[in-house]
Every structure is written in C-alpha cells, then in structure tokens.
Amino acid sequence: MRTLYELTDGAIARLYAELGMPDYRPRYSPVVRALVASGPMTIRELASAIGVTHSAASQTVSQMRRAGFVTLETGSDARQRIVHLTGRAREALPLIEAEWEATARAAAELDAELPMPLGEVMLAAVRALERRPFRDRILAAGLREHI
C-alpha cells in the first residue's frame, strides 16, 4: 500500500514542485475544493465534507496554514476554528483544478489496465476491514497466543 501511495500521491507532489508549488500537497486539494464549493467552514464541517476524521482534517489544515493556503479565525464558540482560503490558494485554483481533472483521467486510464478498478478494490477492502478490523485478523492469525 505504501508503494502504491508513493507511486501516485508522490508523483502528484513532484508535479506540483515542478510547476512551482513545492509546498503544496495533494491532500490539500479536497480541502481547497470543499472551501471553494461551500465557503469558510469549521474544521469539523470540513472533516465531514471531505470524509476524514476531525484529527486528520485538523492536521492538514495546520500544514496548509503554515504553507499559506488557509487562515484560521475563531468562530462564535471560542473552541471553533473557521477555515478560509487565502489569496495564494485562490491564485493557484486553476492549477489545482487542472491537476484534479488530469489525475481523474489518469486514474481512469490506470483502472482500464487493471483486472478490477482500483477504487472498487479499495472500497471492498475498507468494507471488509470495517466488518473485521485488521488487528483482529492479525490476532486470529497467530499473534493472540503471544499476548
């Protein structure tokens, strides 16, 4: 899985670097797209919109803030942080959208070469692990006797 991730996500990150955005990470794109579509939102709303945990969204937003792609403002509840795109992110939108569309086409091309579309395999794996977590599978496969 790590190799597949590096071959895909790593390739996208290298393309951004070649295109003059070395501090932009592919994982920022869902955040950018959600903020463009819905406007400023809390980290909790953002996490829900992009389908990740609050912790994952918070970590990504922190990285994006350090890189200058988002700002954070305190919400009506002092515990809330409202995420806003910066001018830098808005200026990069044409490139971000072009990469997103080109990546979707490249993924479809890859799927055509596989015996089963990668997205279907990944979804099936997620569902299987939701039914029976990998930890439980490891324990049942022989590690339980060492605990």
# chains A, B, ... in the order shown; residues from 1 in each chain; ligands from 1

call {"tool": "residues_around", "arguments": {"residues": "range 24-38 of chain A", "least_positions_apart": "4", "cutoff": "9 Å", "atoms": "only C-alpha atoms", "output": "compact mmCIF listing (two decimals) with N, CA and C atoms, in the first residue's frame"}}
result
# COMPACT_ATOMS: atom_id res chain seq x y z
N ASP A 9 0.43 9.45 -5.08
CA ASP A 9 0.48 10.72 -4.37
C ASP A 9 1.84 11.38 -4.52
N GLY A 10 2.89 10.59 -4.44
CA GLY A 10 4.24 11.13 -4.60
C GLY A 10 4.45 11.75 -5.97
N ILE A 12 2.15 13.10 -7.85
CA ILE A 12 1.40 14.37 -7.90
C ILE A 12 2.18 15.45 -7.17
N ALA A 13 2.72 15.14 -6.01
CA ALA A 13 3.51 16.11 -5.25
C ALA A 13 4.72 16.58 -6.06
N TYR A 16 3.60 19.08 -8.67
CA TYR A 16 3.39 20.41 -8.09
C TYR A 16 4.73 21.12 -7.90
N ALA A 17 5.73 20.40 -7.42
CA ALA A 17 7.05 21.00 -7.23
C ALA A 17 7.60 21.49 -8.56
N LEU A 46 -15.50 20.69 7.76
CA LEU A 46 -14.57 20.34 6.69
C LEU A 46 -14.26 18.84 6.70
N ALA A 47 -14.01 18.29 7.88
CA ALA A 47 -13.73 16.86 8.01
C ALA A 47 -14.90 16.05 7.45
N ALA A 49 -17.14 17.08 5.27
CA ALA A 49 -17.27 17.33 3.83
C ALA A 49 -16.30 16.50 3.00
N ILE A 50 -15.10 16.27 3.53
CA ILE A 50 -14.10 15.54 2.75
C ILE A 50 -13.95 14.09 3.19
N ALA A 57 -8.28 16.17 9.48
CA ALA A 57 -8.58 17.48 8.89
C ALA A 57 -7.79 18.57 9.61
N THR A 60 -4.14 18.49 8.52
CA THR A 60 -3.97 19.00 7.16
C THR A 60 -4.14 20.51 7.14
N VAL A 61 -5.15 21.02 7.82
CA VAL A 61 -5.37 22.46 7.88
C VAL A 61 -4.17 23.16 8.52
N GLN A 63 -1.04 22.23 8.43
CA GLN A 63 0.02 22.24 7.42
C GLN A 63 -0.28 23.29 6.34
N MET A 64 -1.55 23.36 5.94
CA MET A 64 -1.94 24.33 4.91
C MET A 64 -1.77 25.76 5.42
N ALA A 67 1.82 26.74 5.26
CA ALA A 67 2.25 26.96 3.88
C ALA A 67 1.56 28.17 3.24
N PHE A 69 -1.85 28.59 2.60
CA PHE A 69 -3.01 28.31 1.74
C PHE A 69 -4.34 28.55 2.43
N VAL A 70 -4.36 28.56 3.77
CA VAL A 70 -5.57 28.86 4.52
C VAL A 70 -5.23 29.73 5.72
N VAL A 83 -12.07 27.90 8.85
CA VAL A 83 -11.02 27.81 7.84
C VAL A 83 -11.41 28.64 6.62
N HIS A 84 -10.49 29.50 6.17
CA HIS A 84 -10.69 30.34 4.99
C HIS A 84 -9.54 30.12 4.02
N LEU A 85 -9.82 30.15 2.74
CA LEU A 85 -8.75 30.12 1.74
C LEU A 85 -8.05 31.47 1.70
N ALA A 89 -4.01 30.55 -2.22
CA ALA A 89 -4.77 29.37 -2.65
C ALA A 89 -5.67 29.70 -3.82
N ARG A 90 -6.33 30.86 -3.76
CA ARG A 90 -7.24 31.25 -4.84
C ARG A 90 -6.49 31.46 -6.16
N LEU A 93 -5.89 28.14 -7.84
CA LEU A 93 -7.06 27.33 -8.19
C LEU A 93 -7.03 26.78 -9.62
N ILE A 96 -4.74 23.81 -9.48
CA ILE A 96 -5.30 22.76 -8.62
C ILE A 96 -6.43 22.03 -9.33
N GLU A 97 -7.32 22.78 -9.97
CA GLU A 97 -8.44 22.16 -10.71
C GLU A 97 -7.93 21.36 -11.90
N TRP A 100 -6.50 18.14 -10.61
CA TRP A 100 -7.57 17.26 -10.15
C TRP A 100 -8.20 16.53 -11.34

call {"tool": "select_by_dssp", "arguments": {"residues": "chain A", "states": "helix (DSSP H, G or I)", "output": "PyMOL selection string"}}
result
chain A and resi 2-18+28-38+43-50+54-67+87-113+118-131+134-146

call {"tool": "atom_distance", "arguments": {"atom1": "CA of Gly39 in chain A", "atom2": "CA of Thr71 in chain A"}}
result
12.7 Å

call {"tool": "select_by_dssp", "arguments": {"residues": "range 33-123 of chain A", "states": "strand (DSSP E)", "output": "PDB file with C-alpha atoms, in the first residue's frame"}}
result
ATOM      1  CA  MET A  41     -16.268  26.298   7.464  1.00  0.00           C
ATOM      2  CA  THR A  42     -15.220  24.811  10.765  1.00  0.00           C
ATOM      3  CA  VAL A  70      -5.574  28.855   4.523  1.00  0.00           C
ATOM      4  CA  THR A  71      -6.159  31.078   7.509  1.00  0.00           C
ATOM      5  CA  LEU A  72      -7.993  30.251  10.724  1.00  0.00           C
ATOM      6  CA  GLU A  73     -10.380  32.507  12.591  1.00  0.00           C
ATOM      7  CA  THR A  74     -12.077  31.912  15.900  1.00  0.00           C
ATOM      8  CA  ARG A  81     -11.773  27.465  14.176  1.00  0.00           C
ATOM      9  CA  ILE A  82     -13.173  28.681  10.857  1.00  0.00           C
ATOM     10  CA  VAL A  83     -11.016  27.807   7.845  1.00  0.00           C
ATOM     11  CA  HIS A  84     -10.691  30.343   4.995  1.00  0.00           C
ATOM     12  CA  LEU A  85      -8.754  30.121   1.737  1.00  0.00           C
TER      13      LEU A  85
END

call {"tool": "closest_residue", "arguments": {"among": "A:Glu91, A:Val52, A:Ser58, A:Arg2", "to": "Met21 in chain A", "atoms": "only C-alpha atoms"}}
result
A:Glu91

call {"tool": "atom_distance", "arguments": {"atom1": "CA of Thr86 in chain A", "atom2": "CA of Thr8 in chain A"}}
result
26.8 Å

call {"tool": "closest_residue", "arguments": {"among": "A:Leu139, A:Met122, A:Ala11, A:Met1", "to": "Ala106 in chain A", "atoms": "only C-alpha atoms"}}
result
A:Ala11

call {"tool": "decode", "arguments": {"residues": "range 33-63 of chain A", "atoms": "N, CA and C atoms", "output": "PDB file, in the first residue's frame"}}
result
ATOM      1  N   ARG A  33     -11.054  22.318  -2.539  1.00  0.00           N
ATOM      2  CA  ARG A  33     -12.292  22.154  -3.309  1.00  0.00           C
ATOM      3  C   ARG A  33     -13.531  22.311  -2.425  1.00  0.00           C
ATOM      4  N   ALA A  34     -13.478  21.798  -1.205  1.00  0.00           N
ATOM      5  CA  ALA A  34     -14.625  21.926  -0.292  1.00  0.00           C
ATOM      6  C   ALA A  34     -14.839  23.390   0.092  1.00  0.00           C
ATOM      7  N   LEU A  35     -13.755  24.117   0.343  1.00  0.00           N
ATOM      8  CA  LEU A  35     -13.881  25.523   0.711  1.00  0.00           C
ATOM      9  C   LEU A  35     -14.346  26.376  -0.465  1.00  0.00           C
ATOM     10  N   VAL A  36     -13.934  26.035  -1.662  1.00  0.00           N
ATOM     11  CA  VAL A  36     -14.418  26.750  -2.847  1.00  0.00           C
ATOM     12  C   VAL A  36     -15.919  26.503  -3.016  1.00  0.00           C
ATOM     13  N   ALA A  37     -16.339  25.257  -2.824  1.00  0.00           N
ATOM     14  CA  ALA A  37     -17.737  24.893  -3.031  1.00  0.00           C
ATOM     15  C   ALA A  37     -18.661  25.457  -1.954  1.00  0.00           C
ATOM     16  N   SER A  38     -18.214  25.454  -0.696  1.00  0.00           N
ATOM     17  CA  SER A  38     -19.104  25.802   0.415  1.00  0.00           C
ATOM     18  C   SER A  38     -18.728  27.068   1.160  1.00  0.00           C
ATOM     19  N   GLY A  39     -17.569  27.618   0.882  1.00  0.00           N
ATOM     20  CA  GLY A  39     -17.130  28.789   1.629  1.00  0.00           C
ATOM     21  C   GLY A  39     -16.482  28.379   2.937  1.00  0.00           C
ATOM     22  N   PRO A  40     -16.101  29.368   3.747  1.00  0.00           N
ATOM     23  CA  PRO A  40     -15.431  29.083   5.019  1.00  0.00           C
ATOM     24  C   PRO A  40     -16.259  28.131   5.882  1.00  0.00           C
ATOM     25  N   MET A  41     -15.577  27.242   6.585  1.00  0.00           N
ATOM     26  CA  MET A  41     -16.268  26.298   7.464  1.00  0.00           C
ATOM     27  C   MET A  41     -15.366  25.893   8.613  1.00  0.00           C
ATOM     28  N   THR A  42     -15.988  25.300   9.622  1.00  0.00           N
ATOM     29  CA  THR A  42     -15.220  24.811  10.765  1.00  0.00           C
ATOM     30  C   THR A  42     -14.431  23.577  10.345  1.00  0.00           C
ATOM     31  N   ILE A  43     -13.450  23.240  11.139  1.00  0.00           N
ATOM     32  CA  ILE A  43     -12.666  22.040  10.857  1.00  0.00           C
ATOM     33  C   ILE A  43     -13.563  20.806  10.926  1.00  0.00           C
ATOM     34  N   ARG A  44     -14.497  20.778  11.855  1.00  0.00           N
ATOM     35  CA  ARG A  44     -15.430  19.634  11.960  1.00  0.00           C
ATOM     36  C   ARG A  44     -16.275  19.510  10.690  1.00  0.00           C
ATOM     37  N   GLU A  45     -16.795  20.631  10.200  1.00  0.00           N
ATOM     38  CA  GLU A  45     -17.584  20.618   8.960  1.00  0.00           C
ATOM     39  C   GLU A  45     -16.720  20.190   7.778  1.00  0.00           C
ATOM     40  N   LEU A  46     -15.504  20.685   7.762  1.00  0.00           N
ATOM     41  CA  LEU A  46     -14.571  20.337   6.691  1.00  0.00           C
ATOM     42  C   LEU A  46     -14.265  18.842   6.703  1.00  0.00           C
ATOM     43  N   ALA A  47     -14.010  18.292   7.881  1.00  0.00           N
ATOM     44  CA  ALA A  47     -13.735  16.862   8.010  1.00  0.00           C
ATOM     45  C   ALA A  47     -14.898  16.052   7.454  1.00  0.00           C
ATOM     46  N   SER A  48     -16.105  16.450   7.791  1.00  0.00           N
ATOM     47  CA  SER A  48     -17.291  15.757   7.302  1.00  0.00           C
ATOM     48  C   SER A  48     -17.407  15.891   5.785  1.00  0.00           C
ATOM     49  N   ALA A  49     -17.140  17.079   5.267  1.00  0.00           N
ATOM     50  CA  ALA A  49     -17.269  17.332   3.825  1.00  0.00           C
ATOM     51  C   ALA A  49     -16.296  16.501   3.002  1.00  0.00           C
ATOM     52  N   ILE A  50     -15.104  16.271   3.533  1.00  0.00           N
ATOM     53  CA  ILE A  50     -14.099  15.536   2.751  1.00  0.00           C
ATOM     54  C   ILE A  50     -13.949  14.086   3.192  1.00  0.00           C
ATOM     55  N   GLY A  51     -14.697  13.680   4.204  1.00  0.00           N
ATOM     56  CA  GLY A  51     -14.717  12.276   4.606  1.00  0.00           C
ATOM     57  C   GLY A  51     -13.500  11.788   5.360  1.00  0.00           C
ATOM     58  N   VAL A  52     -12.974  12.640   6.245  1.00  0.00           N
ATOM     59  CA  VAL A  52     -11.841  12.232   7.083  1.00  0.00           C
ATOM     60  C   VAL A  52     -12.179  12.520   8.539  1.00  0.00           C
ATOM     61  N   THR A  53     -11.338  12.061   9.442  1.00  0.00           N
ATOM     62  CA  THR A  53     -11.549  12.330  10.856  1.00  0.00           C
ATOM     63  C   THR A  53     -11.253  13.802  11.163  1.00  0.00           C
ATOM     64  N   HIS A  54     -11.779  14.263  12.283  1.00  0.00           N
ATOM     65  CA  HIS A  54     -11.505  15.633  12.715  1.00  0.00           C
ATOM     66  C   HIS A  54      -9.999  15.827  12.888  1.00  0.00           C
ATOM     67  N   SER A  55      -9.332  14.837  13.468  1.00  0.00           N
ATOM     68  CA  SER A  55      -7.889  14.916  13.684  1.00  0.00           C
ATOM     69  C   SER A  55      -7.131  15.058  12.364  1.00  0.00           C
ATOM     70  N   ALA A  56      -7.496  14.250  11.375  1.00  0.00           N
ATOM     71  CA  ALA A  56      -6.826  14.313  10.067  1.00  0.00           C
ATOM     72  C   ALA A  56      -7.052  15.670   9.410  1.00  0.00           C
ATOM     73  N   ALA A  57      -8.278  16.171   9.478  1.00  0.00           N
ATOM     74  CA  ALA A  57      -8.577  17.480   8.892  1.00  0.00           C
ATOM     75  C   ALA A  57      -7.791  18.573   9.607  1.00  0.00           C
ATOM     76  N   SER A  58      -7.732  18.489  10.925  1.00  0.00           N
ATOM     77  CA  SER A  58      -7.020  19.485  11.711  1.00  0.00           C
ATOM     78  C   SER A  58      -5.534  19.493  11.361  1.00  0.00           C
ATOM     79  N   GLN A  59      -4.941  18.330  11.218  1.00  0.00           N
ATOM     80  CA  GLN A  59      -3.516  18.239  10.857  1.00  0.00           C
ATOM     81  C   GLN A  59      -3.265  18.822   9.470  1.00  0.00           C
ATOM     82  N   THR A  60      -4.141  18.488   8.516  1.00  0.00           N
ATOM     83  CA  THR A  60      -3.971  19.002   7.159  1.00  0.00           C
ATOM     84  C   THR A  60      -4.140  20.511   7.139  1.00  0.00           C
ATOM     85  N   VAL A  61      -5.148  21.017   7.822  1.00  0.00           N
ATOM     86  CA  VAL A  61      -5.373  22.463   7.882  1.00  0.00           C
ATOM     87  C   VAL A  61      -4.171  23.164   8.519  1.00  0.00           C
ATOM     88  N   SER A  62      -3.593  22.588   9.553  1.00  0.00           N
ATOM     89  CA  SER A  62      -2.404  23.186  10.180  1.00  0.00           C
ATOM     90  C   SER A  62      -1.250  23.281   9.190  1.00  0.00           C
ATOM     91  N   GLN A  63      -1.044  22.229   8.433  1.00  0.00           N
ATOM     92  CA  GLN A  63       0.017  22.242   7.417  1.00  0.00           C
ATOM     93  C   GLN A  63      -0.282  23.287   6.340  1.00  0.00           C
TER      94      GLN A  63
END
